[in-house]
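> Have a look at this one.
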Amino acid sequence: MKTIVILGGGTAGTIAAHKLRKHLDAQDWRIIVVDKEECHYYQPGYLFVPFGVYQPQDILKPKRKLLPKNVETIFARIELIEPQENRVRLSTGQVLNYDYLVVATGCDVHPEDTPGLMDSWSEAHHTFYNIEGASHLAKALQRFEGGRLVVNIVETPIKCPVAPLEFVFYADWYFNRRGIRNKVDIVLATPLPGAFTKPYASSILGGILEKKGIHVEPDFYIMEADTTKQVIRSYDEREVGYDLLVSIPVNKGADVIGASGMGDELNYVPTNKYTLQSEKWPNVFVLGDASNIPASKAGATIHFMMDTMVENLLALIRGQEMKAQFDGHANCFIETGYNKALLIDFNYEVEPLSGTYPLPGIGPLSLLRESYLNHLAKLFFKELYWYVVLQGIDIPFMGSKMSMAGKKKLPTQQPA
Amino acid sequence: MSDVLKSVSFNAEGFMTDPNRWTKEIAVELARQEGIENLTEAHWKIIEYCRQVGLASGKAPTLRQITSGTGVSTKDLFALFPKGPAKKVARIAGLGKPEGCV
């Protein structure tokens, strides 16, 4: 009997459990999933909680119901991973020995890493990057009658790099509906040189921000939040005043990754960006937000990387060459308010382009252009997530590899 | 453009296309373009660290990698290389643009 331990029962861990269980006979293979939390939150839903669109209970399900029946699930904290010994120690005192390890421990926000940010936490300082934060922020927004709303990204990389943009777009719409948009200044202070990380999408998104009267403060590296003056201050001594601060704090991998000596300076596990195997331990694979690969930290990325991981792990088990390669494929809906959204689709090499998705010339979804249908697709995706994506069922027309079909190339861009 | 820079090529964003062609004289010239007239010992310490990491991994280090790798605080880095230190030092060190953002 051999054992695969999956650390983390979130999006990546759950899909991996389903996919691996389908391929590996329960007679010969024990699959164990470890997680400290019993609730699975639909994280794209966090964006909608502050605006009252979703209540916390609308976006959660028990992990037990989402994981396959024929894997073992242990709810406990991971105390230490000892990859050189092929074993994991749990807070319950249990020790799990494994043949193969899948690390899917995710990432989380750390407001305590920025001086002053915790001083007014849940009062003038908020986040929507976890369920508690999003719920507190909903109340703060309800009470907000006007002033400066500042959204600040502390440091990149962050989970779901478009979420801060969606938040300011949604805030613009929200205050419009409340009839107080003229009393609210909306500012996005970001360490990036513009709206987004990729140049072409950044110019289009920048245009939408401008149209909506949202001010961008670029190249802003926050040094501290000063609650007495109600300003955030950058390392180059710029000050941005706020009445309500929505922070996207430093994102880091799980503490246990650092404590186990498996992480980089942000506790992300150094991972081969093509094979998804750990750079150091051949029997360890890393999925989703937990890895250091230069792809978006997002559910779509996990969905697209899963086949590569499963194929390579099975090849390794059978003593074959690992042939599958992840191309960095990510796509995401960007809610722009007013029942519209745009969609972007990209990978390691190709930045987001205009066009149609998934079918060339037909769509029905449009890339890098706002549409009602994109918005409906985003809302519908929640159901697809619970009942299809998490169960490891493939979605028709949406292959793992990014396709150039239906995309309009930029004039200067070389074919990938 | 000064003579030192004529022998090497740059991409559209002004980063050297081949880090192996880099010399200290080129660094001095690029630093001047970035508004740093005099490269002190503190500057060189950072540049050399970035060269070392950049050549080994093929990627320019991020701001956080530089601070944790050299022990120099972010505040001091901003004083040495004003505005965007990671990007600025990558350019001066003849490396590509840091990949911190995805």
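Ordering of the structure tokens sets the chain letters (A, B, ...); residue numbers start at 1 within each chain; ligands are numbered from 1 in the order shown.
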Neighbouring residues of range 385-389 of chain A were defined as those with any atom within 12 Å, considering only C-alpha atoms; residues of the same chain fewer than 5 positions away were excluded. Please report them as an mmCIF file with all heavy atoms, in the first residue's frame.

```cif
data_model
loop_
_atom_site.group_PDB
_atom_site.id
_atom_site.type_symbol
_atom_site.label_atom_id
_atom_site.label_comp_id
_atom_site.auth_asym_id
_atom_site.auth_seq_id
_atom_site.Cartn_x
_atom_site.Cartn_y
_atom_site.Cartn_z
ATOM 1 N N GLY A 10 -8.256 23.070 -0.071
ATOM 2 C CA GLY A 10 -8.917 24.195 -0.739
ATOM 3 C C GLY A 10 -9.194 23.844 -2.187
ATOM 4 O O GLY A 10 -9.424 22.674 -2.514
ATOM 5 N N THR A 11 -9.163 24.838 -3.062
ATOM 6 C CA THR A 11 -9.472 24.605 -4.467
ATOM 7 C C THR A 11 -8.518 23.564 -5.064
ATOM 8 O O THR A 11 -8.952 22.563 -5.649
ATOM 9 C CB THR A 11 -9.357 25.923 -5.258
ATOM 10 O OG1 THR A 11 -10.160 26.913 -4.608
ATOM 11 C CG2 THR A 11 -9.858 25.758 -6.683
ATOM 12 N N ALA A 12 -7.207 23.773 -4.890
ATOM 13 C CA ALA A 12 -6.224 22.874 -5.508
ATOM 14 C C ALA A 12 -6.275 21.481 -4.889
ATOM 15 O O ALA A 12 -6.299 20.475 -5.603
ATOM 16 C CB ALA A 12 -4.822 23.473 -5.378
ATOM 17 N N THR A 14 -8.651 19.947 -3.284
ATOM 18 C CA THR A 14 -9.907 19.223 -3.553
ATOM 19 C C THR A 14 -9.904 18.638 -4.963
ATOM 20 O O THR A 14 -10.228 17.466 -5.164
ATOM 21 C CB THR A 14 -11.117 20.163 -3.370
ATOM 22 O OG1 THR A 14 -11.066 20.704 -2.045
ATOM 23 C CG2 THR A 14 -12.430 19.419 -3.563
ATOM 24 N N ILE A 15 -9.524 19.458 -5.960
ATOM 25 C CA ILE A 15 -9.517 18.948 -7.336
ATOM 26 C C ILE A 15 -8.475 17.829 -7.466
ATOM 27 O O ILE A 15 -8.732 16.797 -8.093
ATOM 28 C CB ILE A 15 -9.218 20.068 -8.366
ATOM 29 C CG1 ILE A 15 -10.187 21.248 -8.188
ATOM 30 C CG2 ILE A 15 -9.338 19.529 -9.797
ATOM 31 C CD1 ILE A 15 -9.874 22.449 -9.084
ATOM 32 N N ALA A 16 -7.313 18.030 -6.842
ATOM 33 C CA ALA A 16 -6.251 17.011 -6.923
ATOM 34 C C ALA A 16 -6.741 15.688 -6.328
ATOM 35 O O ALA A 16 -6.490 14.613 -6.891
ATOM 36 C CB ALA A 16 -4.999 17.493 -6.193
ATOM 37 N N HIS A 18 -9.811 14.533 -6.167
ATOM 38 C CA HIS A 18 -10.745 13.891 -7.106
ATOM 39 C C HIS A 18 -10.010 13.255 -8.287
ATOM 40 O O HIS A 18 -10.266 12.107 -8.649
ATOM 41 C CB HIS A 18 -11.751 14.921 -7.636
ATOM 42 C CG HIS A 18 -12.881 15.179 -6.683
ATOM 43 N ND1 HIS A 18 -13.951 14.334 -6.550
ATOM 44 C CD2 HIS A 18 -13.087 16.197 -5.810
ATOM 45 C CE1 HIS A 18 -14.791 14.821 -5.635
ATOM 46 N NE2 HIS A 18 -14.285 15.952 -5.166
ATOM 47 N N LYS A 19 -9.101 14.026 -8.871
ATOM 48 C CA LYS A 19 -8.405 13.541 -10.076
ATOM 49 C C LYS A 19 -7.518 12.332 -9.753
ATOM 50 O O LYS A 19 -7.495 11.360 -10.500
ATOM 51 C CB LYS A 19 -7.542 14.665 -10.660
ATOM 52 C CG LYS A 19 -8.374 15.778 -11.283
ATOM 53 C CD LYS A 19 -8.070 15.943 -12.754
ATOM 54 C CE LYS A 19 -9.013 16.967 -13.365
ATOM 55 N NZ LYS A 19 -8.968 16.987 -14.819
ATOM 56 N N HIS A 40 -15.145 25.404 3.295
ATOM 57 C CA HIS A 40 -14.549 25.817 2.026
ATOM 58 C C HIS A 40 -15.271 27.084 1.568
ATOM 59 O O HIS A 40 -16.486 27.056 1.363
ATOM 60 C CB HIS A 40 -14.716 24.689 0.999
ATOM 61 C CG HIS A 40 -14.030 24.953 -0.317
ATOM 62 N ND1 HIS A 40 -13.096 24.098 -0.840
ATOM 63 C CD2 HIS A 40 -14.144 25.957 -1.215
ATOM 64 C CE1 HIS A 40 -12.666 24.576 -1.998
ATOM 65 N NE2 HIS A 40 -13.289 25.699 -2.252
ATOM 66 N N TYR A 41 -14.546 28.155 1.425
ATOM 67 C CA TYR A 41 -15.138 29.396 0.928
ATOM 68 C C TYR A 41 -14.876 29.545 -0.564
ATOM 69 O O TYR A 41 -13.759 29.262 -1.031
ATOM 70 C CB TYR A 41 -14.561 30.603 1.675
ATOM 71 C CG TYR A 41 -15.159 30.762 3.049
ATOM 72 C CD1 TYR A 41 -14.546 30.204 4.159
ATOM 73 C CD2 TYR A 41 -16.368 31.426 3.208
ATOM 74 C CE1 TYR A 41 -15.119 30.319 5.420
ATOM 75 C CE2 TYR A 41 -16.943 31.555 4.461
ATOM 76 C CZ TYR A 41 -16.318 30.997 5.557
ATOM 77 O OH TYR A 41 -16.895 31.110 6.795
ATOM 78 N N TYR A 42 -15.890 29.977 -1.282
ATOM 79 C CA TYR A 42 -15.743 30.308 -2.696
ATOM 80 C C TYR A 42 -15.096 31.687 -2.732
ATOM 81 O O TYR A 42 -15.765 32.709 -2.563
ATOM 82 C CB TYR A 42 -17.123 30.306 -3.349
ATOM 83 C CG TYR A 42 -17.141 30.789 -4.783
ATOM 84 C CD1 TYR A 42 -16.450 30.103 -5.771
ATOM 85 C CD2 TYR A 42 -17.868 31.920 -5.151
ATOM 86 C CE1 TYR A 42 -16.475 30.541 -7.082
ATOM 87 C CE2 TYR A 42 -17.901 32.356 -6.465
ATOM 88 C CZ TYR A 42 -17.196 31.670 -7.418
ATOM 89 O OH TYR A 42 -17.222 32.106 -8.721
ATOM 90 N N GLN A 43 -13.773 31.711 -2.917
ATOM 91 C CA GLN A 43 -13.043 32.965 -2.721
ATOM 92 C C GLN A 43 -13.377 34.092 -3.704
ATOM 93 O O GLN A 43 -13.335 35.259 -3.320
ATOM 94 C CB GLN A 43 -11.538 32.698 -2.694
ATOM 95 C CG GLN A 43 -11.145 31.841 -1.494
ATOM 96 C CD GLN A 43 -9.666 31.576 -1.438
ATOM 97 O OE1 GLN A 43 -8.854 32.477 -1.360
ATOM 98 N NE2 GLN A 43 -9.312 30.311 -1.475
ATOM 99 N N PRO A 44 -13.733 33.769 -4.979
ATOM 100 C CA PRO A 44 -14.140 34.879 -5.855
ATOM 101 C C PRO A 44 -15.338 35.638 -5.287
ATOM 102 O O PRO A 44 -15.582 36.791 -5.659
ATOM 103 C CB PRO A 44 -14.497 34.184 -7.170
ATOM 104 C CG PRO A 44 -13.724 32.912 -7.151
ATOM 105 C CD PRO A 44 -13.667 32.493 -5.711
ATOM 106 N N GLY A 45 -16.082 34.994 -4.383
ATOM 107 C CA GLY A 45 -17.247 35.635 -3.775
ATOM 108 C C GLY A 45 -16.892 36.712 -2.762
ATOM 109 O O GLY A 45 -17.730 37.557 -2.429
ATOM 110 N N ASP A 58 -23.678 32.461 1.689
ATOM 111 C CA ASP A 58 -23.911 32.152 0.268
ATOM 112 C C ASP A 58 -22.688 31.556 -0.415
ATOM 113 O O ASP A 58 -22.783 31.041 -1.526
ATOM 114 C CB ASP A 58 -24.281 33.428 -0.515
ATOM 115 C CG ASP A 58 -25.550 34.070 0.004
ATOM 116 O OD1 ASP A 58 -26.385 33.337 0.558
ATOM 117 O OD2 ASP A 58 -25.695 35.297 -0.144
ATOM 118 N N ILE A 59 -21.523 31.709 0.224
ATOM 119 C CA ILE A 59 -20.303 31.306 -0.490
ATOM 120 C C ILE A 59 -19.510 30.257 0.291
ATOM 121 O O ILE A 59 -18.301 30.160 0.159
ATOM 122 C CB ILE A 59 -19.400 32.529 -0.813
ATOM 123 C CG1 ILE A 59 -19.066 33.344 0.446
ATOM 124 C CG2 ILE A 59 -20.059 33.431 -1.842
ATOM 125 C CD1 ILE A 59 -17.967 34.372 0.230
ATOM 126 N N LEU A 60 -20.190 29.465 1.121
ATOM 127 C CA LEU A 60 -19.436 28.436 1.823
ATOM 128 C C LEU A 60 -20.138 27.091 1.772
ATOM 129 O O LEU A 60 -21.378 27.011 1.682
ATOM 130 C CB LEU A 60 -19.162 28.857 3.267
ATOM 131 C CG LEU A 60 -20.267 28.777 4.312
ATOM 132 C CD1 LEU A 60 -20.299 27.410 4.974
ATOM 133 C CD2 LEU A 60 -20.055 29.829 5.383
ATOM 134 N N LYS A 61 -19.336 26.042 1.797
ATOM 135 C CA LYS A 61 -19.831 24.674 1.913
ATOM 136 C C LYS A 61 -18.834 23.898 2.778
ATOM 137 O O LYS A 61 -17.653 24.243 2.822
ATOM 138 C CB LYS A 61 -19.929 24.008 0.536
ATOM 139 C CG LYS A 61 -21.106 24.518 -0.320
ATOM 140 C CD LYS A 61 -21.303 23.660 -1.551
ATOM 141 C CE LYS A 61 -22.211 24.328 -2.564
ATOM 142 N NZ LYS A 61 -23.584 24.550 -2.076
ATOM 143 N N PRO A 62 -19.324 22.859 3.468
ATOM 144 C CA PRO A 62 -18.374 22.057 4.259
ATOM 145 C C PRO A 62 -17.422 21.275 3.351
ATOM 146 O O PRO A 62 -17.860 20.684 2.363
ATOM 147 C CB PRO A 62 -19.266 21.102 5.047
ATOM 148 C CG PRO A 62 -20.654 21.309 4.573
ATOM 149 C CD PRO A 62 -20.699 22.418 3.595
ATOM 150 N N LYS A 63 -16.135 21.293 3.699
ATOM 151 C CA LYS A 63 -15.140 20.591 2.882
ATOM 152 C C LYS A 63 -15.441 19.103 2.756
ATOM 153 O O LYS A 63 -15.223 18.504 1.711
ATOM 154 C CB LYS A 63 -13.744 20.783 3.489
ATOM 155 C CG LYS A 63 -13.189 22.147 3.138
ATOM 156 C CD LYS A 63 -11.805 22.396 3.676
ATOM 157 C CE LYS A 63 -11.355 23.779 3.182
ATOM 158 N NZ LYS A 63 -10.408 24.435 4.058
ATOM 159 N N LYS A 65 -18.118 17.607 2.307
ATOM 160 C CA LYS A 65 -19.048 17.307 1.216
ATOM 161 C C LYS A 65 -18.421 17.503 -0.159
ATOM 162 O O LYS A 65 -18.939 17.007 -1.153
ATOM 163 C CB LYS A 65 -20.280 18.219 1.320
ATOM 164 C CG LYS A 65 -21.153 17.882 2.495
ATOM 165 C CD LYS A 65 -22.544 18.448 2.308
ATOM 166 C CE LYS A 65 -23.462 17.872 3.372
ATOM 167 N NZ LYS A 65 -24.695 18.637 3.484
ATOM 168 N N LEU A 66 -17.335 18.266 -0.215
ATOM 169 C CA LEU A 66 -16.724 18.572 -1.511
ATOM 170 C C LEU A 66 -15.603 17.600 -1.871
ATOM 171 O O LEU A 66 -15.298 17.394 -3.027
ATOM 172 C CB LEU A 66 -16.167 20.004 -1.496
ATOM 173 C CG LEU A 66 -17.219 21.088 -1.254
ATOM 174 C CD1 LEU A 66 -16.544 22.423 -0.956
ATOM 175 C CD2 LEU A 66 -18.147 21.222 -2.454
ATOM 176 N N LEU A 67 -15.006 16.998 -0.834
ATOM 177 C CA LEU A 67 -13.906 16.055 -1.080
ATOM 178 C C LEU A 67 -14.487 14.691 -1.435
ATOM 179 O O LEU A 67 -15.597 14.354 -1.023
ATOM 180 C CB LEU A 67 -13.033 15.962 0.178
ATOM 181 C CG LEU A 67 -12.140 17.180 0.409
ATOM 182 C CD1 LEU A 67 -11.722 17.289 1.865
ATOM 183 C CD2 LEU A 67 -10.908 17.124 -0.497
ATOM 184 N N GLY A 299 -7.905 30.642 -9.010
ATOM 185 C CA GLY A 299 -8.557 29.347 -9.189
ATOM 186 C C GLY A 299 -8.442 28.836 -10.610
ATOM 187 O O GLY A 299 -8.256 27.636 -10.837
ATOM 188 N N ALA A 300 -8.557 29.729 -11.591
ATOM 189 C CA ALA A 300 -8.486 29.310 -12.994
ATOM 190 C C ALA A 300 -7.120 28.696 -13.285
ATOM 191 O O ALA A 300 -7.010 27.693 -13.987
ATOM 192 C CB ALA A 300 -8.734 30.501 -13.917
ATOM 193 N N THR A 301 -6.072 29.300 -12.715
ATOM 194 C CA THR A 301 -4.722 28.781 -12.911
ATOM 195 C C THR A 301 -4.631 27.356 -12.363
ATOM 196 O O THR A 301 -4.042 26.467 -12.989
ATOM 197 C CB THR A 301 -3.702 29.694 -12.198
ATOM 198 O OG1 THR A 301 -3.988 31.041 -12.540
ATOM 199 C CG2 THR A 301 -2.288 29.368 -12.586
ATOM 200 N N ILE A 302 -5.237 27.150 -11.192
ATOM 201 C CA ILE A 302 -5.231 25.823 -10.573
ATOM 202 C C ILE A 302 -5.916 24.815 -11.500
ATOM 203 O O ILE A 302 -5.411 23.723 -11.752
ATOM 204 C CB ILE A 302 -5.962 25.863 -9.210
ATOM 205 C CG1 ILE A 302 -5.141 26.665 -8.205
ATOM 206 C CG2 ILE A 302 -6.238 24.452 -8.705
ATOM 207 C CD1 ILE A 302 -5.890 27.017 -6.936
ATOM 208 N N HIS A 303 -7.066 25.211 -12.030
ATOM 209 C CA HIS A 303 -7.822 24.354 -12.938
ATOM 210 C C HIS A 303 -6.949 23.952 -14.136
ATOM 211 O O HIS A 303 -6.908 22.794 -14.527
ATOM 212 C CB HIS A 303 -9.072 25.115 -13.387
ATOM 213 C CG HIS A 303 -9.871 24.415 -14.434
ATOM 214 N ND1 HIS A 303 -10.682 23.343 -14.150
ATOM 215 C CD2 HIS A 303 -9.980 24.630 -15.763
ATOM 216 C CE1 HIS A 303 -11.257 22.932 -15.263
ATOM 217 N NE2 HIS A 303 -10.853 23.696 -16.261
ATOM 218 N N PHE A 304 -6.236 24.941 -14.687
ATOM 219 C CA PHE A 304 -5.423 24.672 -15.879
ATOM 220 C C PHE A 304 -4.144 23.895 -15.562
ATOM 221 O O PHE A 304 -3.590 23.226 -16.418
ATOM 222 C CB PHE A 304 -5.082 25.984 -16.606
ATOM 223 C CG PHE A 304 -6.283 26.685 -17.177
ATOM 224 C CD1 PHE A 304 -6.507 28.041 -16.940
ATOM 225 C CD2 PHE A 304 -7.200 25.996 -17.960
ATOM 226 C CE1 PHE A 304 -7.617 28.689 -17.463
ATOM 227 C CE2 PHE A 304 -8.311 26.641 -18.493
ATOM 228 C CZ PHE A 304 -8.519 27.983 -18.244
ATOM 229 N N MET A 306 -3.835 21.571 -13.239
ATOM 230 C CA MET A 306 -4.109 20.276 -12.610
ATOM 231 C C MET A 306 -3.724 19.084 -13.483
ATOM 232 O O MET A 306 -3.103 18.138 -13.011
ATOM 233 C CB MET A 306 -5.590 20.210 -12.238
ATOM 234 C CG MET A 306 -5.923 19.121 -11.258
ATOM 235 S SD MET A 306 -4.985 19.232 -9.716
ATOM 236 C CE MET A 306 -5.709 20.687 -8.954
ATOM 237 N N ALA A 377 -21.805 35.132 -17.021
ATOM 238 C CA ALA A 377 -20.918 33.967 -16.938
ATOM 239 C C ALA A 377 -20.188 33.949 -15.601
ATOM 240 O O ALA A 377 -20.034 32.910 -14.976
ATOM 241 C CB ALA A 377 -19.918 33.982 -18.093
ATOM 242 N N LYS A 378 -19.763 35.131 -15.140
ATOM 243 C CA LYS A 378 -19.068 35.197 -13.850
ATOM 244 C C LYS A 378 -19.996 34.745 -12.719
ATOM 245 O O LYS A 378 -19.593 33.997 -11.844
ATOM 246 C CB LYS A 378 -18.554 36.614 -13.578
ATOM 247 C CG LYS A 378 -18.059 36.810 -12.131
ATOM 248 C CD LYS A 378 -16.689 37.425 -12.042
ATOM 249 C CE LYS A 378 -16.189 37.487 -10.606
ATOM 250 N NZ LYS A 378 -14.815 37.912 -10.506
ATOM 251 N N LEU A 379 -21.245 35.216 -12.743
ATOM 252 C CA LEU A 379 -22.185 34.835 -11.681
ATOM 253 C C LEU A 379 -22.498 33.341 -11.737
ATOM 254 O O LEU A 379 -22.556 32.656 -10.720
ATOM 255 C CB LEU A 379 -23.476 35.642 -11.787
ATOM 256 C CG LEU A 379 -23.346 37.137 -11.503
ATOM 257 C CD1 LEU A 379 -24.720 37.786 -11.452
ATOM 258 C CD2 LEU A 379 -22.607 37.418 -10.191
ATOM 259 N N PHE A 380 -22.684 32.836 -12.966
ATOM 260 C CA PHE A 380 -23.008 31.433 -13.162
ATOM 261 C C PHE A 380 -21.852 30.545 -12.723
ATOM 262 O O PHE A 380 -22.038 29.408 -12.299
ATOM 263 C CB PHE A 380 -23.335 31.211 -14.646
ATOM 264 C CG PHE A 380 -23.474 29.762 -15.029
ATOM 265 C CD1 PHE A 380 -24.560 29.015 -14.587
ATOM 266 C CD2 PHE A 380 -22.519 29.141 -15.833
ATOM 267 C CE1 PHE A 380 -24.685 27.679 -14.937
ATOM 268 C CE2 PHE A 380 -22.635 27.810 -16.176
ATOM 269 C CZ PHE A 380 -23.716 27.080 -15.732
ATOM 270 N N ASP A 394 -13.918 17.918 -16.367
ATOM 271 C CA ASP A 394 -13.435 18.860 -17.379
ATOM 272 C C ASP A 394 -14.576 19.668 -17.971
ATOM 273 O O ASP A 394 -15.687 19.179 -18.133
ATOM 274 C CB ASP A 394 -12.695 18.119 -18.494
ATOM 275 C CG ASP A 394 -11.409 17.499 -17.961
ATOM 276 O OD1 ASP A 394 -10.794 18.114 -17.073
ATOM 277 O OD2 ASP A 394 -11.054 16.400 -18.418
ATOM 278 N N ILE A 395 -14.288 20.934 -18.301
ATOM 279 C CA ILE A 395 -15.299 21.805 -18.911
ATOM 280 C C ILE A 395 -15.109 21.771 -20.427
ATOM 281 O O ILE A 395 -13.986 21.963 -20.901
ATOM 282 C CB ILE A 395 -15.152 23.256 -18.398
ATOM 283 C CG1 ILE A 395 -15.233 23.278 -16.867
ATOM 284 C CG2 ILE A 395 -16.213 24.160 -19.011
ATOM 285 C CD1 ILE A 395 -14.900 24.621 -16.259
ATOM 286 N N PRO A 396 -16.191 21.530 -21.211
ATOM 287 C CA PRO A 396 -16.040 21.462 -22.661
ATOM 288 C C PRO A 396 -15.459 22.754 -23.235
ATOM 289 O O PRO A 396 -15.749 23.839 -22.733
ATOM 290 C CB PRO A 396 -17.481 21.281 -23.162
ATOM 291 C CG PRO A 396 -18.288 20.900 -21.986
ATOM 292 C CD PRO A 396 -17.565 21.351 -20.764
ATOM 293 N N MET A 398 -12.808 24.148 -22.900
ATOM 294 C CA MET A 398 -11.817 24.878 -22.118
ATOM 295 C C MET A 398 -10.645 23.968 -21.792
ATOM 296 O O MET A 398 -10.560 23.405 -20.715
ATOM 297 C CB MET A 398 -12.435 25.448 -20.841
ATOM 298 C CG MET A 398 -13.142 26.775 -21.097
ATOM 299 S SD MET A 398 -13.898 27.460 -19.624
ATOM 300 C CE MET A 398 -12.489 27.738 -18.598
#
```
> Chain A residues within 6 Å of chain B, counting only C-alpha atoms: which ones, as a PyMOL selection string?
chain A and resi 156-157+197+235+295-296
> Would you give me, as a list in words, the residues in range 267-377 of chain A that DSSP reads as helix (DSSP H, G or I)?
Gly288, Asp289, Ala290, Gly299, Ala300, Thr301, Ile302, His303, Phe304, Met305, Met306, Asp307, Thr308, Met309, Val310, Glu311, Asn312, Leu313, Leu314, Ala315, Leu316, Ile317, Tyr372, Leu373, Asn374, His375, Leu376 and Ala377 of chain A
> Output N, CA and C atoms for every residue in the selection just made, as a JSON list (two decimals), in the first residue's frame.

```json
[["chain", "number", "residue", "atom", "x", "y", "z"],
["A", 288, "GLY", "N", -1.11, 25.56, -7.17],
["A", 288, "GLY", "CA", -1.83, 26.79, -6.82],
["A", 288, "GLY", "C", -0.98, 27.84, -6.14],
["A", 289, "ASP", "N", -1.61, 28.56, -5.21],
["A", 289, "ASP", "CA", -0.99, 29.72, -4.58],
["A", 289, "ASP", "C", 0.28, 29.37, -3.81],
["A", 290, "ALA", "N", 0.44, 28.11, -3.42],
["A", 290, "ALA", "CA", 1.57, 27.71, -2.58],
["A", 290, "ALA", "C", 2.91, 27.77, -3.31],
["A", 299, "GLY", "N", -7.91, 30.64, -9.01],
["A", 299, "GLY", "CA", -8.56, 29.35, -9.19],
["A", 299, "GLY", "C", -8.44, 28.84, -10.61],
["A", 300, "ALA", "N", -8.56, 29.73, -11.59],
["A", 300, "ALA", "CA", -8.49, 29.31, -12.99],
["A", 300, "ALA", "C", -7.12, 28.70, -13.29],
["A", 301, "THR", "N", -6.07, 29.30, -12.72],
["A", 301, "THR", "CA", -4.72, 28.78, -12.91],
["A", 301, "THR", "C", -4.63, 27.36, -12.36],
["A", 302, "ILE", "N", -5.24, 27.15, -11.19],
["A", 302, "ILE", "CA", -5.23, 25.82, -10.57],
["A", 302, "ILE", "C", -5.92, 24.81, -11.50],
["A", 303, "HIS", "N", -7.07, 25.21, -12.03],
["A", 303, "HIS", "CA", -7.82, 24.35, -12.94],
["A", 303, "HIS", "C", -6.95, 23.95, -14.14],
["A", 304, "PHE", "N", -6.24, 24.94, -14.69],
["A", 304, "PHE", "CA", -5.42, 24.67, -15.88],
["A", 304, "PHE", "C", -4.14, 23.89, -15.56],
["A", 305, "MET", "N", -3.62, 24.02, -14.34],
["A", 305, "MET", "CA", -2.36, 23.35, -14.02],
["A", 305, "MET", "C", -2.58, 21.90, -13.58],
["A", 306, "MET", "N", -3.84, 21.57, -13.24],
["A", 306, "MET", "CA", -4.11, 20.28, -12.61],
["A", 306, "MET", "C", -3.72, 19.08, -13.48],
["A", 307, "ASP", "N", -4.08, 19.11, -14.78],
["A", 307, "ASP", "CA", -3.78, 17.97, -15.66],
["A", 307, "ASP", "C", -2.28, 17.72, -15.74],
["A", 308, "THR", "N", -1.50, 18.81, -15.76],
["A", 308, "THR", "CA", -0.04, 18.68, -15.81],
["A", 308, "THR", "C", 0.47, 17.96, -14.57],
["A", 309, "MET", "N", -0.02, 18.38, -13.41],
["A", 309, "MET", "CA", 0.45, 17.78, -12.17],
["A", 309, "MET", "C", 0.08, 16.29, -12.13],
["A", 310, "VAL", "N", -1.17, 15.98, -12.46],
["A", 310, "VAL", "CA", -1.64, 14.59, -12.38],
["A", 310, "VAL", "C", -0.86, 13.72, -13.36],
["A", 311, "GLU", "N", -0.71, 14.19, -14.60],
["A", 311, "GLU", "CA", 0.02, 13.42, -15.61],
["A", 311, "GLU", "C", 1.45, 13.15, -15.18],
["A", 312, "ASN", "N", 2.10, 14.20, -14.64],
["A", 312, "ASN", "CA", 3.50, 14.05, -14.25],
["A", 312, "ASN", "C", 3.66, 13.16, -13.02],
["A", 313, "LEU", "N", 2.76, 13.28, -12.07],
["A", 313, "LEU", "CA", 2.84, 12.44, -10.88],
["A", 313, "LEU", "C", 2.63, 10.98, -11.26],
["A", 314, "LEU", "N", 1.66, 10.71, -12.16],
["A", 314, "LEU", "CA", 1.41, 9.33, -12.59],
["A", 314, "LEU", "C", 2.62, 8.79, -13.36],
["A", 315, "ALA", "N", 3.23, 9.65, -14.19],
["A", 315, "ALA", "CA", 4.42, 9.22, -14.95],
["A", 315, "ALA", "C", 5.54, 8.85, -13.98],
["A", 316, "LEU", "N", 5.72, 9.67, -12.96],
["A", 316, "LEU", "CA", 6.78, 9.43, -11.97],
["A", 316, "LEU", "C", 6.54, 8.11, -11.24],
["A", 317, "ILE", "N", 5.27, 7.87, -10.88],
["A", 317, "ILE", "CA", 4.91, 6.63, -10.18],
["A", 317, "ILE", "C", 5.24, 5.41, -11.06],
["A", 372, "TYR", "N", -22.43, 42.25, -20.88],
["A", 372, "TYR", "CA", -23.38, 41.71, -19.93],
["A", 372, "TYR", "C", -23.21, 40.20, -19.81],
["A", 373, "LEU", "N", -22.94, 39.56, -20.98],
["A", 373, "LEU", "CA", -22.79, 38.10, -20.99],
["A", 373, "LEU", "C", -21.59, 37.65, -20.15],
["A", 374, "ASN", "N", -20.49, 38.41, -20.20],
["A", 374, "ASN", "CA", -19.34, 38.09, -19.36],
["A", 374, "ASN", "C", -19.74, 38.13, -17.89],
["A", 375, "HIS", "N", -20.56, 39.12, -17.54],
["A", 375, "HIS", "CA", -21.01, 39.26, -16.15],
["A", 375, "HIS", "C", -21.87, 38.06, -15.74],
["A", 376, "LEU", "N", -22.80, 37.67, -16.63],
["A", 376, "LEU", "CA", -23.65, 36.51, -16.33],
["A", 376, "LEU", "C", -22.79, 35.26, -16.14],
["A", 377, "ALA", "N", -21.80, 35.13, -17.02],
["A", 377, "ALA", "CA", -20.92, 33.97, -16.94],
["A", 377, "ALA", "C", -20.19, 33.95, -15.60]]
```
> Hey, can you check how far CA of Ile362 in chain A sits from CA of Gly399 in chain A?
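Atom-to-atom, CA of Ile362 in chain A and CA of Gly399 in chain A are spaced 16.9 Å apart.
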> Find the residues near range 35-46 of chain B: any atom within 8 Å, counting only C-alpha atoms, skip ones fewer than 2 places away on the same chain, and give them as a list in words.
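In the requested format, the answer is Val28, Ala31, Arg32, Gln33, Glu48, Tyr49, Cys50, Ile66, Thr70, Leu80, Phe81 and Val89 of chain B.
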